[in-house]
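*Asks:* Data file structure_9.tsv (TSV, C-alpha atoms) is appended below.
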chain	number	residue	atom	x	y	z
A	1	MET	CA	67.13	15.52	-5.21
A	2	LYS	CA	65.35	12.49	-3.72
A	3	ARG	CA	63.98	12.92	-0.20
A	4	ILE	CA	64.69	9.91	1.98
A	5	TYR	CA	62.94	9.68	5.34
A	6	ILE	CA	65.10	8.10	8.06
A	7	VAL	CA	63.00	6.93	10.99
A	8	GLY	CA	63.71	5.50	14.41
A	9	THR	CA	63.51	6.05	18.13
A	10	ALA	CA	66.14	8.73	18.67
A	11	ASP	CA	65.98	8.32	22.45
A	12	THR	CA	67.68	4.91	22.13
A	13	LYS	CA	69.09	4.90	18.57
A	14	GLY	CA	70.47	8.44	18.22
A	15	ALA	CA	73.99	7.49	17.10
A	16	GLU	CA	72.73	5.01	14.53
A	17	LEU	CA	70.20	7.47	13.09
A	18	ALA	CA	72.82	10.22	12.82
A	19	PHE	CA	75.20	7.84	11.06
A	20	LEU	CA	72.48	6.71	8.65
A	21	ARG	CA	71.65	10.35	7.88
A	22	SER	CA	75.28	10.96	6.90
A	23	VAL	CA	75.27	7.91	4.64
A	24	VAL	CA	72.10	9.01	2.82
A	25	ALA	CA	73.43	12.56	2.45
A	26	GLY	CA	76.63	11.13	1.00
A	27	THR	CA	74.67	9.46	-1.80
A	28	GLY	CA	73.38	12.83	-2.98
A	29	ALA	CA	69.88	12.34	-1.60
A	30	SER	CA	68.19	14.66	0.90
A	31	PRO	CA	67.75	12.97	4.30
A	32	VAL	CA	64.79	13.79	6.54
A	33	LEU	CA	65.39	12.46	10.06
A	34	VAL	CA	62.21	11.58	11.96
A	35	ASP	CA	62.10	10.73	15.66
A	36	VAL	CA	59.38	8.30	16.78
A	37	GLY	CA	60.73	7.82	20.27
A	38	THR	CA	58.66	8.49	23.37
A	39	ARG	CA	61.37	10.02	25.56
A	40	ALA	CA	63.81	12.95	25.34
A	41	CYS	CA	65.66	13.18	22.02
A	42	PRO	CA	69.47	13.53	22.33
A	43	ILE	CA	70.20	14.50	18.69
A	44	GLU	CA	69.03	17.11	16.22
A	45	VAL	CA	66.18	15.84	14.05
A	46	ASP	CA	64.12	17.30	11.22
A	47	ILE	CA	60.77	16.08	12.52
A	48	GLY	CA	60.36	15.58	16.24
A	49	ALA	CA	58.35	12.95	18.07
A	50	ASP	CA	55.88	15.59	19.23
A	51	GLU	CA	55.01	16.47	15.62
A	52	VAL	CA	54.46	12.82	14.77
A	53	ALA	CA	52.44	12.28	17.95
A	54	ARG	CA	50.06	15.10	17.03
A	55	ALA	CA	48.90	13.00	14.09
A	56	HIS	CA	47.26	10.56	16.52
A	57	GLU	CA	43.48	10.82	16.42
A	58	ARG	CA	43.44	11.71	20.15
A	59	GLY	CA	46.37	14.10	19.94
A	60	ALA	CA	49.95	14.04	21.21
A	61	GLU	CA	48.90	13.42	24.80
A	62	ALA	CA	47.64	9.96	23.84
A	63	VAL	CA	51.19	9.08	22.74
A	64	LEU	CA	53.54	11.03	24.98
A	65	GLY	CA	51.40	11.37	28.10
A	66	THR	CA	51.87	7.85	29.46
A	67	ASP	CA	54.66	6.04	31.29
A	68	GLU	CA	53.42	2.63	30.08
A	69	ARG	CA	55.89	1.64	27.37
A	70	GLY	CA	53.56	-0.82	25.63
A	71	ILE	CA	50.79	1.76	25.38
A	72	ALA	CA	53.21	4.45	24.22
A	73	VAL	CA	54.67	2.24	21.48
A	74	ALA	CA	51.26	1.17	20.19
A	75	SER	CA	50.02	4.77	20.22
A	76	MET	CA	53.13	6.06	18.44
A	77	ALA	CA	52.65	3.36	15.77
A	78	GLU	CA	49.13	4.66	15.18
A	79	ALA	CA	50.37	8.24	15.11
A	80	PHE	CA	53.18	7.44	12.65
A	81	ARG	CA	50.77	5.56	10.42
A	82	SER	CA	48.53	8.64	10.26
A	83	PHE	CA	51.54	10.95	9.84
A	84	VAL	CA	52.90	9.00	6.87
A	85	SER	CA	49.54	9.04	5.11
A	86	THR	CA	49.78	12.86	4.87
A	87	LEU	CA	53.25	13.00	3.28
A	88	THR	CA	53.61	14.12	-0.33
A	89	ASP	CA	57.39	14.55	-0.57
A	90	LEU	CA	58.64	11.06	0.34
A	91	ASP	CA	60.73	9.24	-2.27
A	92	GLY	CA	61.97	6.45	0.00
A	93	ILE	CA	62.08	5.46	3.65
A	94	VAL	CA	64.54	3.56	5.82
A	95	GLY	CA	63.89	2.67	9.43
A	96	ILE	CA	65.90	1.12	12.23
A	97	GLY	CA	64.68	-0.53	15.39
A	98	GLY	CA	64.36	-3.32	17.86
A	99	SER	CA	60.95	-4.79	18.60
A	100	GLY	CA	59.27	-1.50	19.52
A	101	GLY	CA	60.87	0.59	16.81
A	102	THR	CA	60.17	-2.02	14.17
A	103	SER	CA	56.52	-2.10	15.17
A	104	ILE	CA	56.24	1.69	14.97
A	105	VAL	CA	58.11	2.26	11.72
A	106	THR	CA	56.59	-0.59	9.73
A	107	ALA	CA	53.09	0.58	10.71
A	108	GLY	CA	53.79	3.71	8.70
A	109	MET	CA	55.59	1.90	5.90
A	110	ARG	CA	52.54	-0.29	5.28
A	111	GLU	CA	50.53	2.85	4.49
A	112	LEU	CA	52.77	3.72	1.56
A	113	PRO	CA	52.01	2.57	-2.01
A	114	ILE	CA	53.70	-0.50	-3.41
A	115	GLY	CA	56.80	0.62	-5.28
A	116	VAL	CA	57.89	3.30	-2.81
A	117	PRO	CA	61.27	2.03	-1.49
A	118	LYS	CA	60.98	0.80	2.12
A	119	ILE	CA	63.87	-0.75	4.07
A	120	MET	CA	63.57	-1.74	7.73
A	121	VAL	CA	66.84	-2.58	9.51
A	122	SER	CA	65.68	-4.65	12.47
A	123	THR	CA	66.93	-6.97	15.16
A	124	LEU	CA	63.89	-9.15	14.35
A	125	ALA	CA	64.41	-9.40	10.59
A	126	SER	CA	65.69	-12.99	10.58
A	127	GLY	CA	62.51	-14.38	12.19
A	128	ASP	CA	58.83	-14.37	11.31
A	129	VAL	CA	58.26	-10.84	10.00
A	130	SER	CA	54.75	-11.32	8.61
A	131	ALA	CA	53.21	-9.05	11.26
A	132	PHE	CA	55.54	-6.21	10.23
A	133	VAL	CA	55.43	-6.65	6.45
A	134	GLY	CA	51.77	-7.58	6.01
A	135	VAL	CA	50.95	-7.39	2.28
A	136	SER	CA	53.35	-4.53	1.53
A	137	ASP	CA	56.77	-4.58	-0.15
A	138	ILE	CA	58.87	-3.71	2.90
A	139	VAL	CA	62.43	-5.05	2.71
A	140	MET	CA	63.39	-6.42	6.13
A	141	MET	CA	67.15	-6.24	6.67
A	142	PRO	CA	68.76	-8.03	9.67
A	143	SER	CA	70.85	-5.72	11.83
A	144	VAL	CA	73.07	-8.71	12.80
A	145	THR	CA	74.22	-7.03	16.02
A	146	ASP	CA	71.84	-5.28	18.36
A	147	LEU	CA	71.17	-1.63	17.58
A	148	SER	CA	72.80	-0.38	20.75
A	149	GLY	CA	75.55	1.95	19.62
A	150	LEU	CA	77.77	1.88	16.57
A	151	ASN	CA	80.37	-0.80	15.89
A	152	ASP	CA	82.22	-2.16	12.87
A	153	ILE	CA	79.33	-4.49	11.97
A	154	SER	CA	76.47	-2.05	12.47
A	155	ARG	CA	78.22	0.64	10.42
A	156	VAL	CA	78.49	-1.72	7.45
A	157	VAL	CA	74.84	-2.83	7.72
A	158	LEU	CA	73.55	0.74	8.08
A	159	ALA	CA	75.78	1.96	5.24
A	160	ASN	CA	74.33	-0.73	2.98
A	161	ALA	CA	70.77	0.19	3.99
A	162	GLY	CA	71.33	3.89	3.33
A	163	ALA	CA	72.97	3.28	-0.03
A	164	ALA	CA	70.28	0.80	-1.02
A	165	VAL	CA	67.29	3.01	-0.26
A	166	SER	CA	68.86	5.95	-2.11
A	167	ALA	CA	69.63	3.79	-5.14
A	168	MET	CA	66.09	2.36	-5.13
A	169	ALA	CA	64.58	5.84	-4.99
A	170	SER	CA	66.76	7.03	-7.88
A	171	ALA	CA	66.24	4.02	-10.13
A	172	PRO	CA	64.15	4.65	-13.27
A	173	ARG	CA	60.60	3.35	-13.01
A	174	PRO	CA	59.62	0.63	-15.53
A	175	ALA	CA	57.07	1.68	-18.13
A	176	ARG	CA	53.54	0.49	-17.38
A	177	SER	CA	51.91	-1.97	-19.78
A	178	GLY	CA	48.77	0.10	-20.20
A	179	LYS	CA	46.69	-3.08	-19.93
A	180	PRO	CA	44.03	-3.59	-17.25
A	181	ALA	CA	45.41	-5.50	-14.26
A	182	VAL	CA	43.72	-8.72	-13.14
A	183	GLY	CA	44.62	-10.73	-10.05
A	184	VAL	CA	45.20	-14.48	-10.47
A	185	THR	CA	45.71	-16.98	-7.62
A	186	MET	CA	48.09	-19.91	-8.03
A	187	PHE	CA	49.64	-22.72	-6.00
A	188	GLY	CA	52.33	-25.19	-7.05
A	189	VAL	CA	49.67	-27.80	-7.73
A	190	THR	CA	47.68	-25.43	-10.00
A	191	THR	CA	50.67	-23.88	-11.76
A	192	GLU	CA	49.92	-25.68	-15.00
A	193	ALA	CA	46.37	-24.34	-15.07
A	194	VAL	CA	47.34	-20.76	-14.31
A	195	THR	CA	50.23	-20.80	-16.78
A	196	GLN	CA	47.86	-21.81	-19.57
A	197	ILE	CA	45.28	-19.19	-18.53
A	198	VAL	CA	47.87	-16.41	-18.46
A	199	GLN	CA	49.15	-17.42	-21.89
A	200	ARG	CA	45.61	-17.15	-23.28
A	201	LEU	CA	44.89	-13.77	-21.70
A	202	GLU	CA	48.17	-11.88	-21.44
A	203	ALA	CA	47.79	-10.12	-24.79
A	204	GLY	CA	44.85	-8.14	-23.41
A	205	ILE	CA	45.36	-7.98	-19.66
A	206	ASP	CA	48.21	-7.63	-17.20
A	207	CYS	CA	47.98	-10.86	-15.18
A	208	LEU	CA	49.21	-10.35	-11.62
A	209	VAL	CA	49.76	-13.85	-10.25
A	210	PHE	CA	49.62	-14.25	-6.46
A	211	HIS	CA	50.91	-17.29	-4.57
A	212	ALA	CA	47.92	-18.51	-2.53
A	213	THR	CA	49.78	-18.64	0.77
A	214	GLY	CA	47.42	-16.52	2.84
A	215	THR	CA	49.54	-13.43	2.33
A	216	GLY	CA	49.11	-13.77	-1.43
A	217	GLY	CA	45.33	-13.74	-1.25
A	218	ARG	CA	45.35	-10.78	1.12
A	219	ALA	CA	47.72	-8.85	-1.16
A	220	MET	CA	45.50	-9.47	-4.17
A	221	GLU	CA	42.37	-8.41	-2.34
A	222	LYS	CA	44.05	-5.29	-0.95
A	223	LEU	CA	44.89	-4.22	-4.51
A	224	ALA	CA	41.32	-4.97	-5.58
A	225	GLY	CA	39.92	-2.93	-2.71
A	226	SER	CA	42.25	-0.06	-3.60
A	227	GLY	CA	40.88	0.12	-7.12
A	228	LEU	CA	44.08	-1.23	-8.70
A	229	LEU	CA	42.55	-4.38	-10.24
A	230	SER	CA	39.98	-4.67	-13.01
A	231	GLY	CA	38.94	-8.18	-12.01
A	232	ILE	CA	39.92	-11.42	-10.30
A	233	LEU	CA	40.66	-14.92	-11.60
A	234	ASP	CA	40.54	-16.79	-8.30
A	235	ILE	CA	41.64	-20.16	-9.62
A	236	THR	CA	43.20	-21.32	-6.32
A	237	THR	CA	41.05	-20.81	-3.21
A	238	THR	CA	43.09	-23.22	-1.06
A	239	GLU	CA	43.68	-20.61	1.67
A	240	VAL	CA	40.12	-21.25	2.87
A	241	CYS	CA	41.07	-24.80	3.93
A	242	ASP	CA	43.86	-23.51	6.15
A	243	LEU	CA	41.55	-20.87	7.62
A	244	LEU	CA	38.88	-23.39	8.58
A	245	PHE	CA	41.09	-26.26	9.74
A	246	GLY	CA	44.15	-24.65	11.32
A	247	GLY	CA	46.64	-24.82	8.47
A	248	VAL	CA	49.67	-22.56	8.30
A	249	LEU	CA	48.74	-20.59	5.15
A	250	PRO	CA	45.27	-19.29	6.02
A	251	ALA	CA	43.09	-16.70	4.39
A	252	GLY	CA	41.56	-14.04	6.60
A	253	ASP	CA	37.93	-14.18	7.64
A	254	ASP	CA	37.31	-11.44	5.07
A	255	ARG	CA	38.42	-13.56	2.09
A	256	LEU	CA	36.12	-12.82	-0.89
A	257	ASP	CA	34.44	-9.87	0.84
A	258	VAL	CA	36.16	-7.48	-1.56
A	259	VAL	CA	34.41	-9.19	-4.48
A	260	ALA	CA	31.05	-8.42	-2.92
A	261	ARG	CA	32.09	-4.89	-1.97
A	262	THR	CA	33.52	-3.87	-5.35
A	263	GLY	CA	31.40	-5.87	-7.80
A	264	LEU	CA	34.52	-6.64	-9.84
A	265	PRO	CA	34.26	-9.32	-12.56
A	266	TYR	CA	35.18	-12.59	-10.89
A	267	VAL	CA	35.94	-16.06	-12.21
A	268	GLY	CA	36.67	-18.48	-9.38
A	269	SER	CA	37.38	-22.15	-8.89
A	270	VAL	CA	38.29	-24.81	-6.35
A	271	GLY	CA	42.05	-25.05	-6.91
A	272	ALA	CA	43.91	-26.99	-4.18
A	273	LEU	CA	40.88	-27.33	-1.90
A	274	ASP	CA	42.01	-30.92	-1.49
A	275	MET	CA	44.69	-29.97	1.02
A	276	ILE	CA	45.52	-28.36	4.36
A	277	ASN	CA	49.08	-27.02	4.65
A	278	PHE	CA	51.48	-27.62	7.53
A	279	TRP	CA	55.24	-27.29	7.86
A	280	ALA	CA	57.61	-30.25	8.36
A	281	PRO	CA	55.97	-33.58	9.30
A	282	GLU	CA	56.74	-33.19	13.01
A	283	THR	CA	54.73	-29.94	13.10
A	284	VAL	CA	51.50	-31.57	11.92
A	285	PRO	CA	48.99	-31.40	14.82
A	286	PRO	CA	48.26	-34.74	16.50
A	287	GLU	CA	44.66	-34.83	15.27
A	288	PHE	CA	45.91	-34.94	11.66
A	289	ARG	CA	48.76	-37.42	11.97
A	290	GLY	CA	46.69	-40.49	11.23
A	291	ARG	CA	45.34	-38.88	8.08
A	292	LEU	CA	46.41	-39.13	4.46
A	293	CYS	CA	49.49	-36.88	4.24
A	294	TYR	CA	51.82	-35.96	1.42
A	295	ARG	CA	55.33	-34.57	1.91
A	296	HIS	CA	55.44	-31.75	-0.63
A	297	ASN	CA	59.04	-30.94	0.33
A	298	ALA	CA	61.23	-31.04	3.43
A	299	ASN	CA	59.37	-28.12	4.99
A	300	VAL	CA	55.79	-28.52	3.75
A	301	THR	CA	53.37	-31.34	4.57
A	302	LEU	CA	49.93	-31.55	2.99
A	303	VAL	CA	46.92	-33.24	4.59
A	304	ARG	CA	44.09	-34.39	2.33
A	305	THR	CA	40.72	-32.83	3.13
A	306	THR	CA	37.92	-35.28	3.90
A	307	ALA	CA	34.45	-35.25	2.38
A	308	GLU	CA	33.04	-33.58	5.49
A	309	GLU	CA	35.74	-30.91	5.45
A	310	CYS	CA	35.08	-30.34	1.76
A	311	ARG	CA	31.39	-29.77	2.55
A	312	ARG	CA	32.34	-27.14	5.11
A	313	VAL	CA	34.68	-25.43	2.66
A	314	GLY	CA	32.04	-25.43	-0.06
A	315	ALA	CA	29.42	-23.99	2.28
A	316	TRP	CA	31.82	-21.29	3.52
A	317	ILE	CA	32.78	-20.17	0.02
A	318	GLY	CA	29.16	-20.43	-1.10
A	319	ALA	CA	27.98	-18.11	1.67
A	320	LYS	CA	30.53	-15.55	0.53
A	321	LEU	CA	29.51	-15.85	-3.11
A	322	ASN	CA	25.87	-15.26	-2.20
A	323	ARG	CA	26.81	-11.71	-1.23
A	324	CYS	CA	28.40	-10.98	-4.61
A	325	ASP	CA	26.16	-9.12	-7.05
A	326	GLY	CA	28.78	-8.40	-9.71
A	327	PRO	CA	29.37	-10.62	-12.76
A	328	LEU	CA	30.58	-13.97	-11.41
A	329	ARG	CA	31.38	-17.44	-12.71
A	330	PHE	CA	32.51	-20.35	-10.53
A	331	LEU	CA	34.04	-23.34	-12.32
A	332	LEU	CA	34.12	-26.91	-11.01
A	333	PRO	CA	36.68	-29.24	-12.68
A	334	GLU	CA	35.03	-32.61	-12.03
A	335	ARG	CA	38.15	-34.74	-12.58
A	336	GLY	CA	40.34	-33.18	-9.92
A	337	VAL	CA	41.22	-29.91	-8.24
A	338	SER	CA	45.02	-30.14	-8.02
A	339	ALA	CA	48.03	-31.95	-9.47
A	340	LEU	CA	47.74	-34.45	-6.58
A	341	ASP	CA	44.00	-34.97	-7.04
A	342	VAL	CA	44.21	-36.82	-10.33
A	343	ALA	CA	43.41	-40.43	-11.24
A	344	GLY	CA	46.20	-42.50	-9.69
A	345	GLY	CA	47.45	-39.53	-7.67
A	346	PRO	CA	47.96	-39.52	-3.88
A	347	PHE	CA	45.00	-37.20	-3.18
A	348	PHE	CA	42.54	-38.56	-5.75
A	349	ASP	CA	39.21	-38.75	-3.93
A	350	PRO	CA	36.11	-38.37	-6.13
A	351	GLU	CA	33.83	-38.66	-3.08
A	352	ALA	CA	35.46	-35.70	-1.31
A	353	ASP	CA	35.41	-33.64	-4.50
A	354	ALA	CA	31.74	-34.48	-5.05
A	355	ALA	CA	30.94	-33.30	-1.51
A	356	LEU	CA	32.72	-30.00	-2.24
A	357	PHE	CA	30.88	-29.49	-5.51
A	358	GLU	CA	27.49	-30.38	-4.04
A	359	ALA	CA	27.96	-27.96	-1.12
A	360	LEU	CA	28.74	-25.14	-3.51
A	361	GLU	CA	25.88	-26.04	-5.81
A	362	THR	CA	23.30	-26.17	-3.02
A	363	THR	CA	24.57	-23.23	-0.93
A	364	VAL	CA	24.73	-20.56	-3.60
A	365	ALA	CA	21.64	-18.91	-5.05
A	366	TRP	CA	22.73	-19.13	-8.66
A	367	THR	CA	21.46	-16.48	-11.11
A	368	ASP	CA	22.22	-15.29	-14.64
A	369	ARG	CA	24.99	-13.07	-13.25
A	370	ARG	CA	26.20	-15.56	-10.65
A	371	ARG	CA	26.67	-18.85	-12.48
A	372	LEU	CA	28.10	-22.26	-11.59
A	373	VAL	CA	29.82	-24.16	-14.39
A	374	ARG	CA	30.66	-27.87	-14.17
A	375	LEU	CA	33.46	-29.06	-16.45
A	376	PRO	CA	34.25	-32.71	-17.32
A	377	CYS	CA	38.00	-32.19	-17.02
A	378	HIS	CA	40.88	-31.78	-14.55
A	379	ILE	CA	41.85	-28.31	-13.33
A	380	ASN	CA	45.21	-28.52	-15.11
A	381	ASP	CA	43.73	-29.62	-18.45
A	382	PRO	CA	43.72	-27.24	-21.43
A	383	GLN	CA	39.92	-27.57	-21.50
A	384	PHE	CA	39.75	-25.87	-18.10
A	385	ALA	CA	41.99	-23.00	-19.22
A	386	ASP	CA	39.84	-22.59	-22.32
A	387	ALA	CA	36.70	-22.39	-20.17
A	388	VAL	CA	38.22	-19.81	-17.81
A	389	THR	CA	39.24	-17.70	-20.80
A	390	THR	CA	35.79	-17.91	-22.39
A	391	HIS	CA	33.95	-17.00	-19.21
A	392	TRP	CA	36.37	-14.21	-18.39
A	393	HIS	CA	35.81	-12.58	-21.76
A	394	GLU	CA	32.07	-13.04	-21.39
A	395	ILE	CA	31.81	-11.17	-18.10
A	396	ALA	CA	34.72	-8.73	-18.49
A	397	ASP	CA	33.76	-7.56	-21.98
A	398	ARG	CA	30.17	-7.10	-20.91
A	399	ASN	CA	31.32	-5.15	-17.85
A	400	ALA	CA	33.73	-2.91	-19.80
Just dump the structure as structure tokens.
*Replies:*
Amino acid sequence: MKRIYIVGTADTKGAELAFLRSVVAGTGASPVLVDVGTRACPIEVDIGADEVARAHERGAEAVLGTDERGIAVASMAEAFRSFVSTLTDLDGIVGIGGSGGTSIVTAGMRELPIGVPKIMVSTLASGDVSAFVGVSDIVMMPSVTDLSGLNDISRVVLANAGAAVSAMASAPRPARSGKPAVGVTMFGVTTEAVTQIVQRLEAGIDCLVFHATGTGGRAMEKLAGSGLLSGILDITTTEVCDLLFGGVLPAGDDRLDVVARTGLPYVGSVGALDMINFWAPETVPPEFRGRLCYRHNANVTLVRTTAEECRRVGAWIGAKLNRCDGPLRFLLPERGVSALDVAGGPFFDPEADAALFEALETTVAWTDRRRLVRLPCHINDPQFADAVTTHWHEIADRNA
């Protein structure tokens, strides 16, 4: 019998939690009701807020001993995160909440491995949920109505959530490939390159392709840091541009640190470093509006990086690479770094590309293990995919 944890603030969501427990029980699963509220609990629960609060590093008093709601919510989130990390009998989890409850429950959900079913029914689920989801696989489900007592709408939504988490927990797990997993970064403008690389390598490795949207890079590096990747093919490092120049899909300041920390085999390149990402044209900051822009679609506007910006990007990446002592190759496609940066294309700018390449070449202390490779081709050319494949085999086979 699958054990499904049902989590919420029972002090304000008691009726909803009790209803959700009955739904999960009706599916044949075993519900475990957990209270993460900070005030008196009006319903019977399996795990009380005091038990969760004791998991806080400073004890239950740090969570339940304050009248400041903001402090209590933040402390309970920390406590629930620690509490979840000790569980060994959890097959799935479903949470409900408004802003405070969502913050608390998702803090714990993010501690669980990818693949463990996680559904969060939230009043905030139709907005920007990146802070709640992070790089996990939490399913955010809009509550539609507020979670303030049961009604005909909330019963349907909660019934769907309970049935869904039980079905997810009971579903057979796909067989693993048995091949070593390697992270690969891709953007729309480097899709052709990555597709060719994957085709050349997929017989021997399980290529996990990540969309380089900030979240994608963080997800890949979290897996690498958790020991779940055997190497990285960082073809598309575009997230660095958004980090340095205020784009909407930025990397974190710790981008590439995991490569230095783990020593994993790494083949990198300069994919899509010709662009900074913004949303619709009217959202582009004033300082960029006189620049060369390209409307990728109705909701995404790209700004071409200048030669000076490319120098900054190259120096930033180069400083990170200097801390990497594992086997590393960094490839420079001299005829363009994206589908837009091609002869006759809207972002074709050999001067800007040359500034990027020169900054990388002069910043990094290149060695036999840390090598720069210039290629007389475009990033989406078959010649580039061939070179990535060759260098990957060279460093990965030697490291095996």
*Asks:* In terms of the shortest atom-to-atom distance over all atoms listed in the file, which of A:His56, A:Val135, A:Asp146, A:Ser30 is closest to Ala169 of chain A?
*Replies:*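 Of all the options, A:Ser30 lies closest to Ala169 of chain A.
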*Asks:* Atom CA of Gly217 of chain A and atom CA of Ile317 of chain A are how many Å apart?
*Replies:* 14.2 Å
*Asks:* Report, in Å to a single decimal, how far apart atom CA of Phe288 of chain A and atom CA of Ala355 of chain A are.
*Replies:*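 Value for the atom CA of Ala355 of chain A-atom CA of Phe288 of chain A distance: 20.0 Å.
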*Asks:* Extract, using only C-alpha atoms, all DNA, RNA and protein residues at most 12 Å from segment 384-386 of chain A, discarding same-chain residues fewer than 3 positions from it, and format them as a ChimeraX atom specification.
*Replies:* /A:190-201,233,235,267-271,330-337,373-381,389-393
*Asks:* Distance atom CA of Ile153 of chain A-atom CA of Ser170 of chain A, one decimal place?
*Replies:*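 Computing it gives 26.2 Å between the two atoms.
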*Asks:* Dig up all the protein and nucleic acid residues within 10 Å of (50.6, -18.1, 0.1) in the file frame, using only C-alpha atoms, and format them as a list in words.
*Replies:*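 I get Thr185, Met186, Phe187, Phe210, His211, Ala212, Thr213, Gly214, Thr215, Gly216, Gly217, Arg218, Ala219, Thr238, Glu239, Val248, Leu249, Pro250 and Ala251 of chain A for the residues within 10 Å of that point.
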*Asks:* Under the rule of at most 12 Å, produce a per-residue listing of segment 164-244 of chain A near segment 84-91 of chain A: chain, number, name, the closest pair of atoms, and the distance in Å, as JSON lines, using all atoms listed in the file.
*Replies:*
{"residue": "A:Val165", "atom": "CA", "partner": "A:Asp91", "partner_atom": "CA", "distance": 9.3}
{"residue": "A:Ser166", "atom": "CA", "partner": "A:Asp91", "partner_atom": "CA", "distance": 8.8}
{"residue": "A:Ala167", "atom": "CA", "partner": "A:Asp91", "partner_atom": "CA", "distance": 10.8}
{"residue": "A:Met168", "atom": "CA", "partner": "A:Asp91", "partner_atom": "CA", "distance": 9.2}
{"residue": "A:Ala169", "atom": "CA", "partner": "A:Asp91", "partner_atom": "CA", "distance": 5.8}
{"residue": "A:Ser170", "atom": "CA", "partner": "A:Asp91", "partner_atom": "CA", "distance": 8.5}
{"residue": "A:Ala171", "atom": "CA", "partner": "A:Asp91", "partner_atom": "CA", "distance": 10.9}
*Asks:* For a cutoff of 8 Å around the file-coordinate point (34.1, -27.6, -4.2), which residues qualify once you count all atoms listed in the file? I'd like the result as a ChimeraX atom specification.
*Replies:* /A:269-270,273,310-311,313-314,332,353-360
*Asks:* With C-alpha atoms kept, could you save the residues just selected as a PDB file, in the frame of the given file?
*Replies:*
ATOM      1  CA  SER A 269      37.380 -22.150  -8.890  1.00  0.00           C
ATOM      2  CA  VAL A 270      38.290 -24.810  -6.350  1.00  0.00           C
ATOM      3  CA  LEU A 273      40.880 -27.330  -1.900  1.00  0.00           C
ATOM      4  CA  CYS A 310      35.080 -30.340   1.760  1.00  0.00           C
ATOM      5  CA  ARG A 311      31.390 -29.770   2.550  1.00  0.00           C
ATOM      6  CA  VAL A 313      34.680 -25.430   2.660  1.00  0.00           C
ATOM      7  CA  GLY A 314      32.040 -25.430  -0.060  1.00  0.00           C
ATOM      8  CA  LEU A 332      34.120 -26.910 -11.010  1.00  0.00           C
ATOM      9  CA  ASP A 353      35.410 -33.640  -4.500  1.00  0.00           C
ATOM     10  CA  ALA A 354      31.740 -34.480  -5.050  1.00  0.00           C
ATOM     11  CA  ALA A 355      30.940 -33.300  -1.510  1.00  0.00           C
ATOM     12  CA  LEU A 356      32.720 -30.000  -2.240  1.00  0.00           C
ATOM     13  CA  PHE A 357      30.880 -29.490  -5.510  1.00  0.00           C
ATOM     14  CA  GLU A 358      27.490 -30.380  -4.040  1.00  0.00           C
ATOM     15  CA  ALA A 359      27.960 -27.960  -1.120  1.00  0.00           C
ATOM     16  CA  LEU A 360      28.740 -25.140  -3.510  1.00  0.00           C
TER      17      LEU A 360
END
*Asks:* Using all atoms listed in the file, which of the listed residues (A:Leu223, A:Ile395, A:Ile104, A:Val258) sits closest to Arg370 of chain A?
*Replies:*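 Of A:Leu223, A:Ile395, A:Ile104, A:Val258, the one nearest Arg370 of chain A is A:Ile395, counting all atoms listed in the file.
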*Asks:* So that I can see what lies close to segment 96-102 of chain A, please list as an MDAnalysis selection string the residues with an atom at most 9 Å from it, counting only C-alpha atoms and leaving out residues fewer than 3 positions away in the same chain.
*Replies:* chainID A and resid 6:9 13 16:17 36:37 70 73:74 77 105:107 119:124 132 143 146:147 158
*Asks:* Export C-alpha atoms of the chosen residues as a CSV table (one decimal), in the frame of the given file?
*Replies:*
chain,number,residue,atom,x,y,z
A,6,ILE,CA,65.1,8.1,8.1
A,7,VAL,CA,63.0,6.9,11.0
A,8,GLY,CA,63.7,5.5,14.4
A,9,THR,CA,63.5,6.0,18.1
A,13,LYS,CA,69.1,4.9,18.6
A,16,GLU,CA,72.7,5.0,14.5
A,17,LEU,CA,70.2,7.5,13.1
A,36,VAL,CA,59.4,8.3,16.8
A,37,GLY,CA,60.7,7.8,20.3
A,70,GLY,CA,53.6,-0.8,25.6
A,73,VAL,CA,54.7,2.2,21.5
A,74,ALA,CA,51.3,1.2,20.2
A,77,ALA,CA,52.6,3.4,15.8
A,105,VAL,CA,58.1,2.3,11.7
A,106,THR,CA,56.6,-0.6,9.7
A,107,ALA,CA,53.1,0.6,10.7
A,119,ILE,CA,63.9,-0.8,4.1
A,120,MET,CA,63.6,-1.7,7.7
A,121,VAL,CA,66.8,-2.6,9.5
A,122,SER,CA,65.7,-4.6,12.5
A,123,THR,CA,66.9,-7.0,15.2
A,124,LEU,CA,63.9,-9.2,14.4
A,132,PHE,CA,55.5,-6.2,10.2
A,143,SER,CA,70.8,-5.7,11.8
A,146,ASP,CA,71.8,-5.3,18.4
A,147,LEU,CA,71.2,-1.6,17.6
A,158,LEU,CA,73.6,0.7,8.1
*Asks:* Which is closest to Glu309 of chain A among A:Ala18, A:Glu78, A:Ala352, A:Arg69, if we use all atoms listed in the file?
*Replies:*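 Of A:Ala18, A:Glu78, A:Ala352, A:Arg69, the one nearest Glu309 of chain A, counting all atoms listed in the file, is A:Ala352.
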*Asks:* Nearest residue to Ser103 of chain A out of A:Pro31, A:Gly134, A:Gly246, A:Gly115, using all atoms listed in the file?
*Replies:*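 Going through A:Pro31, A:Gly134, A:Gly246, A:Gly115 one by one, the smallest distance to Ser103 of chain A is for A:Gly134.
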*Asks:* For Pro142 of chain A, which residue among A:Val157, A:Ala315, A:Ala175, A:Val63 is the nearest when counting all atoms listed in the file?
*Replies:*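 Among the listed residues, A:Val157 lies closest to Pro142 of chain A.
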*Asks:* Tell me which of A:Val388, A:Val240, A:Ala49, A:Ile4 sits closest to Ser22 of chain A, counting all atoms listed in the file.
*Replies:*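 Answer, going by the shortest atom-to-atom distance: A:Ile4.
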